[in-house]
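Listing of data.cif, mmCIF, C-alpha atoms and all ligand atoms
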```
data_structure
#
loop_
_atom_site.group_PDB
_atom_site.id
_atom_site.type_symbol
_atom_site.label_atom_id
_atom_site.label_comp_id
_atom_site.auth_asym_id
_atom_site.auth_seq_id
_atom_site.Cartn_x
_atom_site.Cartn_y
_atom_site.Cartn_z
ATOM 1 C CA MET A 169 107.330 -211.669 -134.448
ATOM 2 C CA SER A 170 109.468 -213.275 -137.172
ATOM 3 C CA ASN A 171 109.100 -216.629 -135.416
ATOM 4 C CA PHE A 172 105.370 -216.369 -136.150
ATOM 5 C CA ILE A 173 106.172 -216.246 -139.875
ATOM 6 C CA ASP A 174 108.500 -219.266 -139.449
ATOM 7 C CA ILE A 175 105.735 -221.195 -137.646
ATOM 8 C CA TYR A 176 103.291 -220.206 -140.389
ATOM 9 C CA ILE A 177 105.659 -221.504 -143.085
ATOM 10 C CA ASN A 178 105.976 -224.815 -141.203
ATOM 11 C CA GLU A 179 102.178 -225.097 -140.817
ATOM 12 C CA ARG A 180 100.999 -223.983 -144.245
ATOM 13 C CA LYS A 181 97.763 -225.951 -144.058
ATOM 14 C CA LYS A 182 96.662 -224.230 -140.847
ATOM 15 C CA VAL A 183 94.384 -221.268 -141.626
ATOM 16 C CA VAL A 184 95.423 -217.850 -140.313
ATOM 17 C CA PRO A 185 92.263 -216.395 -138.729
ATOM 18 C CA ALA A 186 90.894 -212.965 -139.595
ATOM 19 C CA PHE A 187 88.614 -212.798 -136.517
ATOM 20 C CA CYS A 188 89.038 -213.715 -132.878
ATOM 21 C CA LYS A 189 86.832 -216.720 -132.275
ATOM 22 C CA ILE A 190 86.264 -215.636 -128.663
ATOM 23 C CA CYS A 191 85.240 -211.968 -128.900
ATOM 24 C CA GLY A 192 84.515 -211.953 -132.637
ATOM 25 C CA ASN A 193 86.581 -208.802 -133.278
ATOM 26 C CA ILE A 194 88.615 -208.396 -136.473
ATOM 27 C CA LEU A 195 92.301 -209.099 -135.813
ATOM 28 C CA GLN A 196 93.956 -205.733 -136.439
ATOM 29 C CA SER A 197 97.578 -206.308 -135.481
ATOM 30 C CA LEU A 198 100.197 -208.952 -136.143
ATOM 31 C CA GLU A 199 100.324 -209.531 -132.366
ATOM 32 C CA ASP A 200 96.580 -210.318 -132.259
ATOM 33 C CA THR A 201 96.806 -212.480 -135.391
ATOM 34 C CA ALA A 202 99.776 -214.410 -134.000
ATOM 35 C CA SER A 203 97.920 -214.934 -130.702
ATOM 36 C CA ALA A 204 94.741 -216.098 -132.473
ATOM 37 C CA TYR A 205 96.778 -218.430 -134.685
ATOM 38 C CA ARG A 206 98.724 -219.943 -131.787
ATOM 39 C CA ASN A 207 96.242 -219.716 -128.918
ATOM 40 C CA GLY A 208 92.774 -219.513 -130.454
ATOM 41 C CA GLY A 209 92.025 -215.951 -129.362
ATOM 42 C CA CYS A 210 93.270 -212.363 -129.777
ATOM 43 C CA LYS A 211 95.854 -211.074 -127.299
ATOM 44 C CA ASP A 212 93.237 -209.608 -124.913
ATOM 45 C CA CYS A 213 91.089 -212.768 -124.932
ATOM 46 C CA PHE A 214 94.159 -214.932 -124.449
ATOM 47 C CA VAL A 215 95.476 -212.920 -121.509
ATOM 48 C CA SER A 216 92.134 -212.366 -119.781
ATOM 49 C CA PHE A 217 90.256 -215.576 -120.619
ATOM 50 C CA LEU A 218 92.118 -218.405 -122.360
ATOM 51 C CA GLU A 219 95.418 -218.435 -120.480
ATOM 52 C CA PRO A 220 93.934 -218.290 -116.938
ATOM 53 C CA ASN A 221 91.447 -221.085 -117.719
ATOM 54 C CA ARG A 222 94.067 -223.266 -119.421
ATOM 55 C CA SER A 223 96.397 -222.904 -116.474
ATOM 56 C CA LEU A 224 93.551 -224.038 -114.174
ATOM 57 C CA LYS A 225 91.811 -226.613 -116.386
ATOM 58 C CA GLY A 226 94.656 -227.915 -118.564
ATOM 59 C CA LYS A 227 96.415 -226.819 -121.761
ATOM 60 C CA GLU A 228 93.869 -228.526 -124.014
ATOM 61 C CA TRP A 229 90.926 -226.654 -122.509
ATOM 62 C CA GLU A 230 88.661 -224.969 -125.077
ATOM 63 C CA PRO A 231 85.750 -222.745 -124.021
ATOM 64 C CA ASN A 232 82.172 -223.820 -124.811
ATOM 65 C CA LYS A 233 79.601 -221.384 -126.212
ATOM 66 C CA LYS A 234 78.294 -220.414 -122.761
ATOM 67 C CA GLU A 235 81.799 -219.690 -121.453
ATOM 68 C CA VAL A 236 82.536 -217.530 -124.533
ATOM 69 C CA LYS A 237 79.215 -215.684 -124.083
ATOM 70 C CA ASP A 238 79.898 -215.165 -120.357
ATOM 71 C CA SER A 239 83.415 -213.927 -121.103
ATOM 72 C CA ILE A 240 82.146 -211.367 -123.647
ATOM 73 C CA GLU A 241 79.457 -210.226 -121.204
ATOM 74 C CA CYS A 242 82.094 -209.912 -118.471
ATOM 75 C CA GLN A 243 84.387 -207.854 -120.766
ATOM 76 C CA ARG A 244 81.462 -205.543 -121.664
ATOM 77 C CA LYS A 245 80.588 -205.050 -117.992
ATOM 78 C CA PHE A 246 84.239 -204.315 -117.239
ATOM 79 C CA GLU A 247 84.410 -201.750 -120.079
ATOM 80 C CA LYS A 248 81.152 -200.180 -118.848
ATOM 81 C CA LEU A 249 82.602 -199.912 -115.331
ATOM 82 C CA LEU A 250 85.779 -198.341 -116.727
ATOM 83 C CA ASN A 251 83.678 -195.765 -118.608
ATOM 84 C CA GLN A 252 81.649 -195.011 -115.470
ATOM 85 C CA GLN A 253 84.873 -194.627 -113.476
ATOM 86 C CA GLU A 254 86.224 -192.230 -116.119
ATOM 87 C CA ILE A 255 82.997 -190.166 -115.999
ATOM 88 C CA LEU A 256 83.078 -190.079 -112.172
ATOM 89 C CA THR A 257 86.731 -189.005 -112.198
ATOM 90 C CA LYS A 258 85.958 -186.188 -114.668
ATOM 91 C CA THR A 259 82.969 -185.081 -112.578
ATOM 92 C CA ALA A 260 85.060 -185.129 -109.390
ATOM 93 C CA ASN A 261 87.814 -183.114 -111.119
ATOM 94 C CA ASN A 262 85.255 -180.566 -112.375
ATOM 95 C CA GLU A 263 83.718 -180.230 -108.904
ATOM 96 C CA HIS A 264 87.201 -179.875 -107.414
ATOM 97 C CA ASN A 265 87.944 -177.048 -109.869
ATOM 98 C CA ILE A 266 84.609 -175.331 -109.117
ATOM 99 C CA ILE A 267 85.283 -175.464 -105.345
ATOM 100 C CA LYS A 268 88.865 -174.265 -105.912
ATOM 101 C CA ASN A 269 87.581 -171.281 -107.943
ATOM 102 C CA GLU A 270 84.963 -170.467 -105.295
ATOM 103 C CA LEU A 271 87.671 -170.538 -102.609
ATOM 104 C CA GLU A 272 89.878 -168.233 -104.707
ATOM 105 C CA ASN A 273 86.941 -165.820 -105.153
ATOM 106 C CA THR A 274 86.165 -165.896 -101.415
ATOM 107 C CA LYS A 275 89.838 -165.283 -100.635
ATOM 108 C CA SER A 276 90.025 -162.222 -102.909
ATOM 109 C CA THR A 277 86.725 -160.869 -101.507
ATOM 110 C CA LEU A 278 88.069 -161.258 -97.951
ATOM 111 C CA THR A 279 91.371 -159.627 -98.922
ATOM 112 C CA GLU A 280 89.453 -156.658 -100.381
ATOM 113 C CA LEU A 281 87.308 -156.416 -97.228
ATOM 114 C CA VAL A 282 90.394 -156.417 -94.998
ATOM 115 C CA LYS A 283 92.013 -153.679 -97.120
ATOM 116 C CA THR A 284 88.825 -151.572 -97.027
ATOM 117 C CA SER A 285 88.513 -152.030 -93.235
ATOM 118 C CA GLN A 286 92.162 -151.064 -92.697
ATOM 119 C CA SER A 287 91.744 -147.995 -94.869
ATOM 120 C CA GLN A 288 88.581 -146.960 -92.960
ATOM 121 C CA LEU A 289 90.424 -147.462 -89.661
ATOM 122 C CA VAL A 290 93.269 -145.223 -90.804
ATOM 123 C CA GLN A 291 90.788 -142.547 -91.929
ATOM 124 C CA SER A 292 88.925 -142.758 -88.592
ATOM 125 C CA SER A 293 92.134 -142.404 -86.601
ATOM 126 C CA ILE A 294 93.114 -139.396 -88.713
ATOM 127 C CA ARG A 295 89.693 -137.800 -88.008
ATOM 128 C CA PHE A 296 90.108 -138.393 -84.251
ATOM 129 C CA LYS A 297 93.478 -136.673 -84.211
ATOM 130 C CA ILE A 298 91.997 -133.627 -85.916
HETATM 131 ZN ZN ZN B 301 89.279 -211.653 -128.745
#
```

Transcribe the structure of this file into C-alpha cells.
Amino acid sequence: MSNFIDIYINERKKVVPAFCKICGNILQSLEDTASAYRNGGCKDCFVSFLEPNRSLKGKEWEPNKKEVKDSIECQRKFEKLLNQQEILTKTANNEHNIIKNELENTKSTLTELVKTSQSQLVQSSIRFKI
C-alpha cells in the first residue's frame, strides 16, 4: 500500500475520496480508499462492477446514473439472496438435528423394547421348565 502514498504525493491536487461514488458507502479501509482514488470505486464496486465493464467497454468507461442505480439494486438483491440462503441453511440444519434426535429416541425405545422382550422370553422359558 505504500505505493498508494507515493502516487498520492505525486498527485497532490487530486482529491482523496471519503465515499465510494458508486455505492455511496464511507471508505473504511486504506484498500477501499486506494481503490476509490485509483479506480473511482471501493474495492467491492471495482471488482464486481467497474473492472468487468471496463474490460468489456474500454478503460475509459464510466458508469451513468442508471448503471450505478442498477448496480446498487443488483448488489442489494444479491445480499438479500445470500441472507435467504443463510436462513435456509440454518433451517435445514435445525430440521436435520430434529430428525437426528427423533431417530436417536426411536433407536433407544426399540433397544428398550428388545431388552424387555428378551427378558420376558427368558422368564417364560423358565416358567415352562418348572
Ligand atoms: Zn462501492

Counting all atoms listed in the file, which residues of range 242-276 of chain A fall within 12 Å of range 189-203 of chain A, and what is the closest atom pair for each with its distance in Å at one decimal, ordered by chain and rising number, as JSON lines?
```
{"residue": "A:Cys242", "atom": "CA", "partner": "A:Cys191", "partner_atom": "CA", "distance": 11.1}
{"residue": "A:Gln243", "atom": "CA", "partner": "A:Cys191", "partner_atom": "CA", "distance": 9.2}
{"residue": "A:Arg244", "atom": "CA", "partner": "A:Cys191", "partner_atom": "CA", "distance": 10.4}
```

Practice problem: Calculate how many Å separate CA of Ile266 in chain A from CA of Gln252 in chain A, rounding to one decimal. | Solution: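 Separation of CA of Ile266 in chain A and CA of Gln252 in chain A: 20.9 Å.
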
Practice problem: Kindly resolve the PyMOL selection byres (((chain A and resi 208) around 9) and not hetatm) on the present coordinates and return the residues as a ChimeraX atom specification. | Solution: /A:185,188-190,203-207,209-210,213-214,218,230

Exercise. Rank A:Val236, A:Leu224, A:Leu256, A:Leu249 by their smallest atom-to-atom distance to ligand ZN 301 (chain B), using only C-alpha atoms and all ligand atoms, and report the top residue only.
Key: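 Of A:Val236, A:Leu224, A:Leu256, A:Leu249, the one nearest ligand ZN 301 (chain B) is A:Val236, counting only C-alpha atoms and all ligand atoms.
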
Quiz item: Between CA of Glu241 in chain A and CA of Asp212 in chain A, what is the distance, to one decimal in Å?
Solution: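 Separating CA of Glu241 in chain A from CA of Asp212 in chain A is a distance of 14.3 Å.
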
Quiz prompt | Nearest candidate to ligand ZN 301 (chain B) (options A:Ile267, A:Ser216, A:Glu179, A:Phe172; using all atoms listed in the file) | solution =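 Smallest distance to ligand ZN 301 (chain B) is found for A:Ser216.
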
Quiz prompt | Among listed residues A:Ile173, A:Gln288, A:Lys211, A:Glu280, nearest ligand ZN 301 (chain B) (using all atoms listed in the file) | solution =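 Of all the options, A:Lys211 lies closest to ligand ZN 301 (chain B).
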
Exercise. Quote the spacing between CA of Glu247 in chain A and CA of Ala260 in chain A in Å to one decimal place.
Key: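 Spanning CA of Glu247 in chain A to CA of Ala260 in chain A is a straight-line distance of 19.8 Å.
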
Exercise. Could you check which of A:Lys234, A:Phe217, A:Leu271, A:Asn251 is closest to ligand ZN 301 (chain B), using all atoms listed in the file?
Key: A:Phe217

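In terms of minimum interatomic distance to ligand ZN 301 (chain B), A:Ser239 ranks closest within A:Asn269, A:Ser293, A:Asn171, A:Ser239, counting all atoms listed in the file.
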
What would range 206-241 of chain A look like with N, CA and C atoms restored, written as a short mmCIF file (atom, residue, chain, number, x, y, z; two decimals), in the coordinates of the input?
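As a result, rebuild37.cif now contains:
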```cif
data_model
loop_
_atom_site.label_atom_id
_atom_site.label_comp_id
_atom_site.auth_asym_id
_atom_site.auth_seq_id
_atom_site.Cartn_x
_atom_site.Cartn_y
_atom_site.Cartn_z
N ARG A 206 98.08 -219.02 -132.74
CA ARG A 206 98.72 -219.94 -131.79
C ARG A 206 97.77 -220.41 -130.69
N ASN A 207 96.98 -219.45 -130.16
CA ASN A 207 96.24 -219.72 -128.92
C ASN A 207 94.73 -219.81 -129.08
N GLY A 208 94.22 -219.42 -130.24
CA GLY A 208 92.77 -219.51 -130.45
C GLY A 208 92.01 -218.28 -130.02
N GLY A 209 92.70 -217.19 -129.75
CA GLY A 209 92.02 -215.95 -129.36
C GLY A 209 92.99 -214.77 -129.48
N CYS A 210 92.43 -213.56 -129.68
CA CYS A 210 93.27 -212.36 -129.78
C CYS A 210 94.05 -212.19 -128.46
N LYS A 211 94.98 -211.26 -128.46
CA LYS A 211 95.85 -211.07 -127.30
C LYS A 211 95.05 -210.83 -126.02
N ASP A 212 94.05 -209.93 -126.09
CA ASP A 212 93.24 -209.61 -124.91
C ASP A 212 92.47 -210.83 -124.41
N CYS A 213 91.85 -211.58 -125.34
CA CYS A 213 91.09 -212.77 -124.93
C CYS A 213 92.02 -213.83 -124.37
N PHE A 214 93.21 -213.94 -124.95
CA PHE A 214 94.16 -214.93 -124.45
C PHE A 214 94.59 -214.60 -123.03
N VAL A 215 94.97 -213.33 -122.83
CA VAL A 215 95.48 -212.92 -121.51
C VAL A 215 94.37 -212.96 -120.45
N SER A 216 93.17 -212.49 -120.80
CA SER A 216 92.13 -212.37 -119.78
C SER A 216 91.25 -213.60 -119.64
N PHE A 217 91.23 -214.49 -120.64
CA PHE A 217 90.26 -215.58 -120.62
C PHE A 217 90.89 -216.95 -120.88
N LEU A 218 91.60 -217.08 -121.98
CA LEU A 218 92.12 -218.40 -122.36
C LEU A 218 93.25 -218.87 -121.45
N GLU A 219 94.24 -218.03 -121.26
CA GLU A 219 95.42 -218.44 -120.48
C GLU A 219 95.07 -218.79 -119.03
N PRO A 220 94.27 -217.93 -118.33
CA PRO A 220 93.93 -218.29 -116.94
C PRO A 220 93.17 -219.61 -116.84
N ASN A 221 92.22 -219.84 -117.77
CA ASN A 221 91.45 -221.08 -117.72
C ASN A 221 92.30 -222.30 -118.08
N ARG A 222 93.21 -222.13 -119.04
CA ARG A 222 94.07 -223.27 -119.42
C ARG A 222 95.05 -223.61 -118.31
N SER A 223 95.48 -222.59 -117.57
CA SER A 223 96.40 -222.90 -116.47
C SER A 223 95.66 -223.62 -115.34
N LEU A 224 94.35 -223.36 -115.21
CA LEU A 224 93.55 -224.04 -114.17
C LEU A 224 93.00 -225.39 -114.64
N LYS A 225 92.55 -225.44 -115.91
CA LYS A 225 91.81 -226.61 -116.39
C LYS A 225 92.60 -227.48 -117.36
N GLY A 226 93.84 -227.12 -117.65
CA GLY A 226 94.66 -227.92 -118.56
C GLY A 226 94.88 -227.21 -119.90
N LYS A 227 96.02 -227.52 -120.53
CA LYS A 227 96.42 -226.82 -121.76
C LYS A 227 95.47 -227.07 -122.94
N GLU A 228 94.76 -228.18 -122.89
CA GLU A 228 93.87 -228.53 -124.01
C GLU A 228 92.48 -227.92 -123.87
N TRP A 229 92.24 -227.21 -122.77
CA TRP A 229 90.93 -226.65 -122.51
C TRP A 229 90.49 -225.71 -123.63
N GLU A 230 89.27 -225.87 -124.10
CA GLU A 230 88.66 -224.97 -125.08
C GLU A 230 87.33 -224.51 -124.49
N PRO A 231 87.00 -223.23 -124.61
CA PRO A 231 85.75 -222.74 -124.02
C PRO A 231 84.53 -223.23 -124.81
N ASN A 232 83.43 -223.52 -124.10
CA ASN A 232 82.17 -223.82 -124.81
C ASN A 232 81.44 -222.50 -125.09
N LYS A 233 80.31 -222.60 -125.80
CA LYS A 233 79.60 -221.38 -126.21
C LYS A 233 79.19 -220.52 -125.02
N LYS A 234 78.74 -221.18 -123.93
CA LYS A 234 78.29 -220.41 -122.76
C LYS A 234 79.47 -219.66 -122.12
N GLU A 235 80.62 -220.34 -122.06
CA GLU A 235 81.80 -219.69 -121.45
C GLU A 235 82.25 -218.50 -122.31
N VAL A 236 82.18 -218.64 -123.64
CA VAL A 236 82.54 -217.53 -124.53
C VAL A 236 81.56 -216.38 -124.32
N LYS A 237 80.25 -216.71 -124.27
CA LYS A 237 79.22 -215.68 -124.08
C LYS A 237 79.42 -214.97 -122.75
N ASP A 238 79.67 -215.76 -121.68
CA ASP A 238 79.90 -215.16 -120.36
C ASP A 238 81.13 -214.27 -120.35
N SER A 239 82.18 -214.71 -121.05
CA SER A 239 83.42 -213.93 -121.10
C SER A 239 83.18 -212.58 -121.79
N ILE A 240 82.44 -212.61 -122.92
CA ILE A 240 82.15 -211.37 -123.65
C ILE A 240 81.31 -210.44 -122.77
N GLU A 241 80.31 -211.01 -122.10
CA GLU A 241 79.46 -210.23 -121.20
C GLU A 241 80.29 -209.59 -120.09
#
```
